[in-house]
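target.csv follows; it contains CSV, C-alpha atoms.
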chain,number,residue,atom,x,y,z
A,22,MET,CA,124.9,130.5,88.4
A,23,SER,CA,122.3,131.2,91.1
A,24,VAL,CA,121.7,128.6,93.8
A,25,TRP,CA,118.0,128.6,92.7
A,26,ASP,CA,118.6,127.7,89.1
A,27,SER,CA,117.8,124.0,89.6
A,28,ILE,CA,114.4,124.6,91.1
A,29,VAL,CA,111.6,123.9,88.7
A,30,GLY,CA,108.2,125.5,88.8
A,31,GLN,CA,108.3,126.8,92.4
A,32,GLU,CA,108.6,130.6,91.7
A,33,GLN,CA,106.6,131.7,94.8
A,34,VAL,CA,108.5,129.4,97.2
A,35,VAL,CA,111.9,130.5,95.8
A,36,GLU,CA,110.9,134.2,96.2
A,37,ARG,CA,109.9,133.5,99.8
A,38,LEU,CA,113.0,131.6,100.7
A,39,ARG,CA,115.3,134.0,99.0
A,40,ALA,CA,113.8,136.8,101.1
A,41,VAL,CA,114.3,134.7,104.3
A,42,ALA,CA,117.9,133.9,103.5
A,43,SER,CA,118.8,137.6,102.8
A,44,GLY,CA,116.9,138.9,105.9
A,45,ASP,CA,117.9,139.3,109.5
A,46,PRO,CA,119.6,136.1,110.7
A,47,LYS,CA,118.1,136.5,114.1
A,48,ALA,CA,114.6,136.3,112.6
A,49,ILE,CA,115.2,133.0,110.7
A,50,ALA,CA,113.2,130.1,111.9
A,51,GLN,CA,115.5,127.2,112.9
A,52,SER,CA,113.2,124.3,112.0
A,53,TRP,CA,111.5,123.9,108.6
A,54,LEU,CA,109.3,121.3,107.0
A,55,ILE,CA,109.4,121.3,103.2
A,56,CYS,CA,106.5,119.4,101.7
A,57,GLY,CA,105.7,118.5,98.2
A,58,PRO,CA,104.5,115.4,96.2
A,59,PRO,CA,107.2,113.0,94.8
A,60,GLY,CA,109.2,114.7,92.1
A,61,SER,CA,108.3,118.3,93.1
A,62,GLY,CA,111.9,118.9,94.1
A,63,ARG,CA,111.6,119.3,97.8
A,64,SER,CA,115.2,117.9,98.4
A,65,ASN,CA,116.6,120.3,95.8
A,66,VAL,CA,114.7,123.2,97.5
A,67,ALA,CA,116.2,122.2,100.8
A,68,ARG,CA,119.7,122.2,99.4
A,69,ALA,CA,119.2,125.5,97.5
A,70,PHE,CA,117.9,127.1,100.7
A,71,ALA,CA,120.9,125.7,102.7
A,72,ALA,CA,123.3,127.1,100.0
A,73,ALA,CA,121.6,130.5,100.2
A,74,LEU,CA,121.9,130.5,104.0
A,75,GLU,CA,125.6,129.6,104.0
A,76,SER,CA,126.4,131.9,101.0
A,77,PRO,CA,128.3,135.2,101.6
A,78,SER,CA,125.9,136.8,99.2
A,79,HIS,CA,122.9,135.1,100.8
A,80,GLY,CA,122.2,133.3,97.5
A,81,LEU,CA,121.7,136.6,95.6
A,82,SER,CA,124.8,136.3,93.4
A,83,ASN,CA,124.6,134.9,89.9
A,84,GLU,CA,128.3,134.1,90.0
A,85,PRO,CA,129.5,130.7,91.3
A,86,GLU,CA,130.5,130.7,95.0
A,87,ARG,CA,132.6,128.0,96.6
A,88,SER,CA,130.3,127.6,99.6
A,89,SER,CA,127.2,127.3,97.4
A,90,GLU,CA,128.9,124.8,95.1
A,91,GLN,CA,129.9,122.7,98.1
A,92,VAL,CA,126.4,122.7,99.6
A,93,LEU,CA,124.8,121.7,96.3
A,94,ALA,CA,127.4,119.0,95.8
A,95,GLY,CA,126.9,117.6,99.3
A,96,THR,CA,130.5,118.3,100.4
A,97,HIS,CA,130.1,121.4,102.7
A,98,PRO,CA,131.5,120.7,106.2
A,99,ASP,CA,128.7,122.5,108.0
A,100,VAL,CA,125.8,121.0,106.0
A,101,THR,CA,124.8,117.4,106.8
A,102,ILE,CA,122.3,115.6,104.5
A,103,LEU,CA,120.6,112.4,105.5
A,104,ALA,CA,119.3,110.7,102.3
A,105,THR,CA,118.4,107.1,103.0
A,106,ASN,CA,117.9,104.2,100.5
A,107,LYS,CA,116.4,102.1,103.3
A,108,VAL,CA,112.8,101.6,104.0
A,109,THR,CA,113.0,103.4,107.4
A,110,ILE,CA,115.3,105.9,109.0
A,111,GLY,CA,117.0,104.3,112.0
A,112,ILE,CA,117.1,105.8,115.5
A,113,ASP,CA,120.9,105.6,115.6
A,114,GLU,CA,121.1,107.7,112.4
A,115,VAL,CA,119.0,110.4,114.0
A,116,ARG,CA,121.0,110.4,117.2
A,117,ASP,CA,124.2,110.9,115.2
A,118,LEU,CA,122.5,113.9,113.5
A,119,ILE,CA,121.6,115.4,116.8
A,120,GLU,CA,125.2,115.0,118.0
A,121,THR,CA,126.4,116.7,114.9
A,122,SER,CA,123.8,119.5,115.3
A,123,GLU,CA,125.2,120.4,118.7
A,124,GLN,CA,128.6,121.3,117.1
A,125,THR,CA,129.5,124.9,116.3
A,126,PRO,CA,129.8,125.5,112.5
A,127,SER,CA,133.4,125.5,111.3
A,128,ILE,CA,133.4,127.9,108.4
A,129,ALA,CA,129.8,129.1,107.8
A,130,PRO,CA,127.2,131.0,109.7
A,131,TRP,CA,125.0,128.0,110.3
A,132,ARG,CA,125.2,124.3,110.9
A,133,ILE,CA,122.4,122.9,108.7
A,134,ILE,CA,120.9,119.4,108.9
A,135,ILE,CA,118.8,118.2,106.0
A,136,ILE,CA,116.7,115.1,106.4
A,137,GLU,CA,115.1,113.8,103.2
A,138,ASP,CA,112.0,111.6,103.6
A,139,VAL,CA,111.5,112.4,107.2
A,140,ASP,CA,108.2,110.5,106.8
A,141,ARG,CA,110.2,107.3,106.8
A,142,MET,CA,110.9,107.6,110.5
A,143,LEU,CA,109.1,105.4,113.0
A,144,GLU,CA,107.3,107.2,115.8
A,145,ARG,CA,110.0,106.3,118.4
A,146,THR,CA,112.6,107.8,116.1
A,147,THR,CA,110.6,110.9,115.5
A,148,ASN,CA,110.2,111.5,119.2
A,149,VAL,CA,114.0,111.5,119.6
A,150,LEU,CA,114.2,114.2,116.8
A,151,LEU,CA,111.4,116.2,118.4
A,152,LYS,CA,113.4,117.0,121.5
A,153,GLU,CA,116.1,118.7,119.3
A,154,ILE,CA,113.5,120.4,117.1
A,155,GLU,CA,111.9,122.0,120.2
A,156,GLU,CA,115.2,123.5,121.4
A,157,PRO,CA,117.8,123.6,118.6
A,158,SER,CA,121.3,124.8,119.1
A,159,PRO,CA,121.6,128.5,118.5
A,160,HIS,CA,123.6,128.0,115.3
A,161,THR,CA,121.7,125.1,113.8
A,162,ILE,CA,118.9,125.0,111.2
A,163,TRP,CA,116.9,121.8,110.5
A,164,LEU,CA,115.4,121.3,107.1
A,165,LEU,CA,113.0,118.4,107.0
A,166,CYS,CA,111.4,117.0,103.8
A,167,ALA,CA,108.2,115.0,103.5
A,168,PRO,CA,105.4,114.5,100.9
A,169,SER,CA,102.9,116.4,103.1
A,170,ALA,CA,102.6,117.8,106.6
A,171,GLU,CA,100.1,115.1,107.4
A,172,ASP,CA,102.9,112.5,106.9
A,173,VAL,CA,104.8,113.6,110.0
A,174,LEU,CA,103.7,113.7,113.6
A,175,PRO,CA,101.5,116.7,114.6
A,176,THR,CA,104.2,117.6,117.3
A,177,ILE,CA,106.8,118.0,114.5
A,178,ARG,CA,104.4,120.0,112.3
A,179,SER,CA,103.6,122.4,115.1
A,180,ARG,CA,107.3,123.2,115.7
A,181,THR,CA,108.4,123.8,112.2
A,182,ARG,CA,107.8,126.5,109.5
A,183,VAL,CA,105.9,124.6,106.7
A,184,ILE,CA,106.7,125.2,103.1
A,185,ASN,CA,104.3,123.7,100.5
A,186,LEU,CA,105.6,123.0,97.0
A,187,ALA,CA,103.3,122.8,93.9
A,188,VAL,CA,103.4,120.1,91.2
A,189,PRO,CA,105.6,121.7,88.5
A,190,SER,CA,103.8,122.2,85.2
A,191,THR,CA,104.6,120.1,82.2
A,192,GLN,CA,105.9,123.2,80.4
A,193,SER,CA,108.4,124.1,83.2
A,194,VAL,CA,109.6,120.5,83.4
A,195,ALA,CA,110.1,120.3,79.6
A,196,LYS,CA,112.0,123.6,79.7
A,197,PHE,CA,114.2,122.3,82.5
A,198,LEU,CA,115.1,119.2,80.4
A,199,GLU,CA,115.9,121.3,77.4
A,200,THR,CA,118.1,123.9,79.2
A,201,GLN,CA,119.7,121.9,82.0
A,202,GLU,CA,119.9,118.4,80.4
A,203,ASN,CA,120.3,119.4,76.8
A,204,ILE,CA,117.3,117.2,75.7
A,205,GLU,CA,115.9,117.9,72.3
A,206,PRO,CA,112.5,119.7,72.6
A,207,LYS,CA,110.2,117.0,71.2
A,208,LEU,CA,111.6,114.3,73.5
A,209,ALA,CA,111.6,116.8,76.5
A,210,ALA,CA,107.9,117.6,76.0
A,211,GLN,CA,107.0,113.9,75.8
A,212,CYS,CA,109.0,112.9,78.9
A,213,ALA,CA,107.6,115.9,80.9
A,214,ARG,CA,104.1,114.8,79.9
A,215,LEU,CA,104.6,111.1,80.8
A,216,ALA,CA,106.3,112.1,84.2
A,217,GLU,CA,103.2,114.1,85.3
A,218,GLY,CA,105.2,116.8,86.9
A,219,HIS,CA,107.8,114.5,88.5
A,220,ILE,CA,111.2,116.1,87.7
A,221,GLY,CA,113.3,113.1,88.6
A,222,VAL,CA,111.2,110.7,86.6
A,223,ALA,CA,111.1,113.1,83.6
A,224,LYS,CA,114.9,113.2,83.6
A,225,LEU,CA,115.0,109.5,83.9
A,226,TYR,CA,112.7,109.0,80.9
A,227,ALA,CA,114.7,111.5,78.9
A,228,THR,CA,118.1,109.9,79.6
A,229,ASN,CA,117.3,106.2,79.8
A,230,GLU,CA,115.6,104.7,76.8
A,231,ARG,CA,115.2,101.3,78.5
A,232,VAL,CA,113.1,102.8,81.3
A,233,ARG,CA,111.0,104.7,78.7
A,234,SER,CA,110.5,101.5,76.8
A,235,ASP,CA,109.5,99.6,80.0
A,236,ARG,CA,106.9,102.2,80.6
A,237,ALA,CA,105.5,101.9,77.1
A,238,GLU,CA,105.3,98.1,77.5
A,239,LEU,CA,103.5,98.4,80.8
A,240,VAL,CA,100.9,100.7,79.3
A,241,SER,CA,100.4,98.3,76.3
A,242,GLY,CA,100.2,95.3,78.6
A,243,VAL,CA,97.5,96.8,80.8
A,244,LEU,CA,95.5,98.0,77.7
A,245,ASN,CA,95.7,94.5,76.1
A,246,MET,CA,94.9,92.4,79.1
A,247,ARG,CA,91.8,90.2,78.5
A,248,LYS,CA,92.1,87.2,80.9
A,249,ALA,CA,93.7,86.3,84.2
A,250,SER,CA,96.7,84.6,82.6
A,251,ASP,CA,97.5,87.9,80.9
A,252,ALA,CA,97.4,89.6,84.3
A,253,VAL,CA,99.7,87.0,85.9
A,254,LEU,CA,102.2,87.2,83.1
A,255,LEU,CA,102.2,91.0,83.1
A,256,ALA,CA,102.8,91.0,86.9
A,257,GLY,CA,105.7,88.7,86.6
A,258,GLN,CA,107.3,90.8,83.9
A,259,LEU,CA,106.8,94.0,85.9
A,260,ILE,CA,108.5,92.6,89.0
A,261,ASP,CA,111.4,91.3,87.0
A,262,ASN,CA,111.9,94.6,85.3
A,263,ALA,CA,111.7,96.5,88.6
A,264,LYS,CA,114.3,94.3,90.3
A,265,ALA,CA,116.7,94.5,87.3
A,266,GLN,CA,116.4,98.3,87.1
A,267,ALA,CA,116.8,98.7,90.9
A,268,GLN,CA,119.9,96.5,90.9
A,269,SER,CA,121.4,98.3,88.0
A,270,ASP,CA,120.7,101.7,89.6
A,271,VAL,CA,122.2,100.7,92.9
A,272,GLU,CA,125.3,99.1,91.4
A,273,GLU,CA,125.9,102.2,89.3
A,274,LYS,CA,125.6,104.4,92.3
A,275,ALA,CA,128.1,102.2,94.2
A,276,GLY,CA,130.5,102.5,91.3
A,277,GLU,CA,130.2,106.3,91.3
A,278,GLN,CA,130.9,106.3,95.1
A,279,GLU,CA,133.9,104.0,94.7
A,280,ALA,CA,135.3,106.3,91.9
A,281,GLU,CA,134.8,109.4,94.1
A,282,PHE,CA,136.5,107.6,97.0
A,283,ARG,CA,139.5,106.9,94.8
A,284,ARG,CA,139.6,110.5,93.5
A,285,ILE,CA,139.4,112.0,96.9
A,286,ASN,CA,142.2,109.8,98.2
A,287,GLY,CA,144.4,110.3,95.1
A,288,LEU,CA,144.1,106.7,93.8
A,289,GLY,CA,143.9,105.6,90.2
A,290,GLU,CA,141.2,103.3,88.8
A,291,LYS,CA,143.4,100.1,89.3
A,292,ASP,CA,145.5,101.2,92.3
A,293,ARG,CA,145.4,98.9,95.3
A,294,ILE,CA,143.6,100.3,98.3
A,295,PRO,CA,146.0,101.0,101.1
A,296,PRO,CA,145.4,98.9,104.3
A,297,GLN,CA,144.4,102.0,106.3
A,298,LEU,CA,141.6,102.8,103.8
A,299,ARG,CA,140.3,99.3,103.1
A,300,GLY,CA,137.7,99.4,105.9
A,301,ALA,CA,136.1,102.6,104.6
A,302,PHE,CA,136.3,101.5,101.0
A,303,ASN,CA,134.7,98.1,101.7
A,304,GLN,CA,131.8,99.9,103.4
A,305,ILE,CA,130.8,101.3,100.0
A,306,GLY,CA,130.1,98.0,98.3
A,307,LYS,CA,128.9,95.9,101.3
A,308,LYS,CA,126.6,93.2,99.9
A,309,ALA,CA,124.1,93.6,102.7
A,310,ASP,CA,123.9,97.4,102.1
A,311,ILE,CA,123.6,96.9,98.3
A,312,LYS,CA,120.8,94.4,98.9
A,313,ARG,CA,118.9,96.8,101.2
A,314,ARG,CA,119.3,99.7,98.8
A,315,ALA,CA,118.1,97.5,95.9
A,316,THR,CA,115.0,96.5,97.9
A,317,ARG,CA,114.2,100.1,98.6
A,318,ARG,CA,114.9,101.1,95.0
A,319,SER,CA,112.8,98.3,93.7
A,320,ARG,CA,109.8,99.5,95.7
A,321,ASP,CA,110.3,103.0,94.3
A,322,VAL,CA,110.3,101.6,90.8
A,323,LEU,CA,107.1,99.7,91.5
A,324,ASP,CA,105.5,102.8,93.0
A,325,ARG,CA,106.3,104.7,89.8
A,326,ASP,CA,104.7,101.8,87.8
A,327,LEU,CA,101.5,102.3,89.8
A,328,ASN,CA,101.5,105.9,88.8
A,329,THR,CA,101.8,104.8,85.2
A,330,VAL,CA,98.9,102.4,85.6
A,331,ALA,CA,96.8,105.1,87.3
A,332,SER,CA,97.5,107.4,84.4
A,333,ILE,CA,95.8,105.0,82.0
A,334,TYR,CA,92.5,105.3,83.9
A,335,ARG,CA,92.9,109.0,84.4
A,336,ASP,CA,93.1,109.3,80.6
A,337,VAL,CA,90.0,107.0,80.2
A,338,SER,CA,88.1,109.3,82.6
A,339,VAL,CA,89.2,112.3,80.6
A,340,LEU,CA,87.8,110.7,77.4
A,341,GLN,CA,84.5,109.6,79.1
A,342,ASN,CA,83.9,113.2,80.2
A,343,ASN,CA,84.9,114.8,76.9
A,344,ALA,CA,87.7,116.7,78.6
A,345,GLU,CA,90.5,115.9,76.3
A,346,GLU,CA,90.8,119.4,74.8
A,347,SER,CA,91.1,121.0,78.3
A,348,ALA,CA,92.9,118.3,80.3
A,349,GLY,CA,94.9,116.5,77.6
A,350,LEU,CA,96.0,112.8,77.6
A,351,ILE,CA,99.1,111.6,79.4
A,352,ASN,CA,99.4,108.5,77.2
A,353,ARG,CA,98.4,110.1,73.9
A,354,GLU,CA,100.5,107.6,71.9
A,355,LYS,CA,97.9,105.0,72.9
A,356,ARG,CA,94.8,107.1,72.2
A,357,SER,CA,93.0,104.5,70.1
A,358,SER,CA,93.3,101.8,72.7
A,359,LEU,CA,92.3,104.3,75.4
A,360,VAL,CA,89.1,105.2,73.4
A,361,ASN,CA,88.3,101.5,73.2
A,362,LEU,CA,88.7,101.0,76.9
A,363,ALA,CA,86.6,104.1,77.6
A,364,GLU,CA,83.8,102.6,75.6
A,365,ARG,CA,84.0,99.2,77.5
A,366,LEU,CA,84.1,100.7,81.0
A,367,THR,CA,81.5,102.5,82.9
A,368,ARG,CA,82.4,105.7,84.8
A,369,GLN,CA,82.0,103.7,88.1
A,370,GLY,CA,84.3,101.0,86.6
A,371,VAL,CA,87.0,103.5,86.2
A,372,VAL,CA,86.6,104.8,89.8
A,373,ASP,CA,86.7,101.2,91.0
A,374,ARG,CA,90.0,100.5,89.2
A,375,LEU,CA,91.6,103.7,90.5
A,376,GLU,CA,90.6,102.6,94.0
A,377,ALA,CA,92.2,99.2,93.3
A,378,ILE,CA,95.4,100.9,92.4
A,379,SER,CA,95.3,103.0,95.7
A,380,VAL,CA,94.8,99.7,97.7
A,381,ALA,CA,97.8,98.2,95.8
A,382,ARG,CA,99.9,101.2,96.8
A,383,ARG,CA,99.0,100.9,100.4
A,384,ARG,CA,99.9,97.2,100.3
A,385,LEU,CA,103.2,98.0,98.6
A,386,ASN,CA,104.1,100.5,101.3
A,387,GLY,CA,103.1,97.8,103.9
A,388,ASN,CA,105.8,95.5,102.6
A,389,GLY,CA,103.4,92.9,101.2
A,390,ASN,CA,104.3,90.1,98.7
A,391,GLN,CA,104.9,92.2,95.5
A,392,THR,CA,104.1,89.4,93.0
A,393,LEU,CA,100.8,88.6,94.6
A,394,LEU,CA,100.0,92.2,95.0
A,395,PHE,CA,100.4,93.0,91.3
A,396,GLU,CA,98.7,89.8,90.2
A,397,ALA,CA,95.7,90.7,92.3
A,398,LEU,CA,95.7,94.3,91.0
A,399,PHE,CA,95.9,93.3,87.3
A,400,CYS,CA,93.1,90.8,87.7
A,401,ALA,CA,91.0,93.6,89.3
A,402,LEU,CA,91.7,95.7,86.2
A,403,LEU,CA,90.4,93.2,83.7
A,404,ALA,CA,87.6,94.5,81.6
Take the structure in the file and give it back as structure tokens.
Amino acid sequence: MSVWDSIVGQEQVVERLRAVASGDPKAIAQSWLICGPPGSGRSNVARAFAAALESPSHGLSNEPERSSEQVLAGTHPDVTILATNKVTIGIDEVRDLIETSEQTPSIAPWRIIIIEDVDRMLERTTNVLLKEIEEPSPHTIWLLCAPSAEDVLPTIRSRTRVINLAVPSTQSVAKFLETQENIEPKLAAQCARLAEGHIGVAKLYATNERVRSDRAELVSGVLNMRKASDAVLLAGQLIDNAKAQAQSDVEEKAGEQEAEFRRINGLGEKDRIPPQLRGAFNQIGKKADIKRRATRRSRDVLDRDLNTVASIYRDVSVLQNNAEESAGLINREKRSSLVNLAERLTRQGVVDRLEAISVARRRLNGNGNQTLLFEALFCALLA
């Protein structure tokens, strides 16, 4: 199994990074910025690149290698990954990473630091990181991930090697679901289409029927809105579903972490936690951390819902411009309702509604009142 097998629809990037990993170590840039839209797989690319850099075969082997498996699983001692569920990345977290980056690698050629969502850093935090990016330790490589280069400070951009990822095609995402997740072809094709190139969302739709059902209900709700009371009810339902899904996801993740903690420490499912391990074990399920992670996850779910709503008006625009044959419909299961809406709206009306969705996304990122935000949005969408 190659370290690059999990990368979907990024053939040119993989070819470039494979060549870098197998080239002269002295010529390798030590600071990288991997950019791509949500779901394009930038975190997976960072992990695969790290695995190739730490691999004895430089990632060229098709046989499993222990170092590569450790990196991809997040357990390699010389590869540190900062993946936060919080709204922002704290300055203390970055200082800890910098301290780690100064250490000599223990078993591998490089000490590699991966920061997912580096765009979540406040400017003060980014300035702390900048000093290390400018003069990294000789044996350290930084892999930063962000939606686009414009989402990070120009000073960071100018000191990193930028890698831009493409949006994976529907066909490549569907193939990934079939081959890697064993999803039957018809469902894989549907989920890839609904996810619009977002690999993680496609996998979620394919493996979670409730999430898929919630999406279908949202599309129907928007298409059937006729008055303000419909908009208010739909907003309330959306918020409730997002909170429930976020809480479920976070609790499931905490459960997995607890199970892994027990496994690593040789404890059974019902064994008592020894006194010397209780502090570390209790950190996994701290109520404050669970609440923060659920808040962040809820915002991610709502952001995905905004993409779903935007896809409706994208489809309406496709129909209004007679481009269905060339561009296709995302929500083809609702074609008759989409045709009806396309007849009721002007082209400018569609543009205005897409702009209202963009405004709602900015407000969501600004930590506004979510219920009021979606009530206002759905009222603006009434036709």
Using only C-alpha atoms, what does the table of range 177-244 of chain A residues within 8 Å of range 139-156 of chain A look like, with each row giving the shortest atom pair and its distance in Å to one decimal, sorted by chain and ascending number, as a tab-separated table?
residue	atom	partner	partner_atom	distance
A:Ile177	CA	A:Leu151	CA	6.3
A:Arg180	CA	A:Glu155	CA	6.5
A:Thr181	CA	A:Ile154	CA	7.8
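Across A:Arg317, A:Arg39, A:Pro98, A:Leu164, the tightest approach to Arg68 in chain A is made by A:Leu164 when counting all atoms listed in the file.
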> Excluding same-chain residues fewer than 2 positions from Val183 in chain A, what lies within 8 Å of it counting all atoms listed in the file, as a PyMOL selection string?
Replying inline: chain A and resi 53-56+170+178+181+185
Would you mind exporting C-alpha atoms of the selected residues as a compact mmCIF listing (two decimals), keeping the file's coordinate frame?
# COMPACT_ATOMS: atom_id res chain seq x y z
CA TRP A 53 111.50 123.90 108.60
CA LEU A 54 109.30 121.30 107.00
CA ILE A 55 109.40 121.30 103.20
CA CYS A 56 106.50 119.40 101.70
CA ALA A 170 102.60 117.80 106.60
CA ARG A 178 104.40 120.00 112.30
CA THR A 181 108.40 123.80 112.20
CA ASN A 185 104.30 123.70 100.50
> Do you have the CA of Thr392 in chain A-CA of Asp270 in chain A distance handy?
Replying inline: 20.9 Å
>> Need to verify the contact set: Asn245 in chain A, 9 Å, only C-alpha atoms, exclusion of same-chain residues closer than 5 positions in sequence. Can you return it as a count of residues only?
In response: 3
Kindly provide, as JSON, the centre and edge lengths (Å, one decimal) of an axis-aligned box around all atoms of range 126-143 of chain A given in the file, with 5 Å on each side.
{"center_x": 120.8, "center_y": 118.2, "center_z": 108.1, "size_x": 35.2, "size_y": 35.6, "size_z": 19.8}
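The residue set within 12 Å of Val253 in chain A, counting only C-alpha atoms and dropping same-chain residues fewer than 4 places from it, reads A:Gly242, A:Val243, A:Met246, A:Arg247, A:Lys248, A:Ala249, A:Gly257, A:Gln258, A:Leu259, A:Ile260, A:Thr392, A:Leu393, A:Leu394, A:Phe395, A:Glu396, A:Ala397, A:Leu398, A:Phe399, A:Cys400, A:Ala401, A:Leu402, A:Leu403.
With distances taken over all atoms listed in the file, A:Ile136 is the one residue among A:Ile136, A:Ile49, A:Val360, A:Leu165 lying closest to Ile110 in chain A.
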> Could you pull the residues within 10 Å of range 192-204 of chain A, counting all atoms listed in the file, minus those fewer than 5 positions along the same chain, as number ranges by chain?
Replying inline: A: 26-31, 209-214, 216-221, 223-224, 227-228
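Polymer residues near (126.1, 136.3, 87.5): counting all atoms listed in the file with a cut-off of 8 Å, they are Met22, Ser23, Ser82, Asn83, Glu84 and Pro85 of chain A.
The spacing separating CA of Arg132 in chain A from CA of Ala301 in chain A amounts to 25.1 Å.
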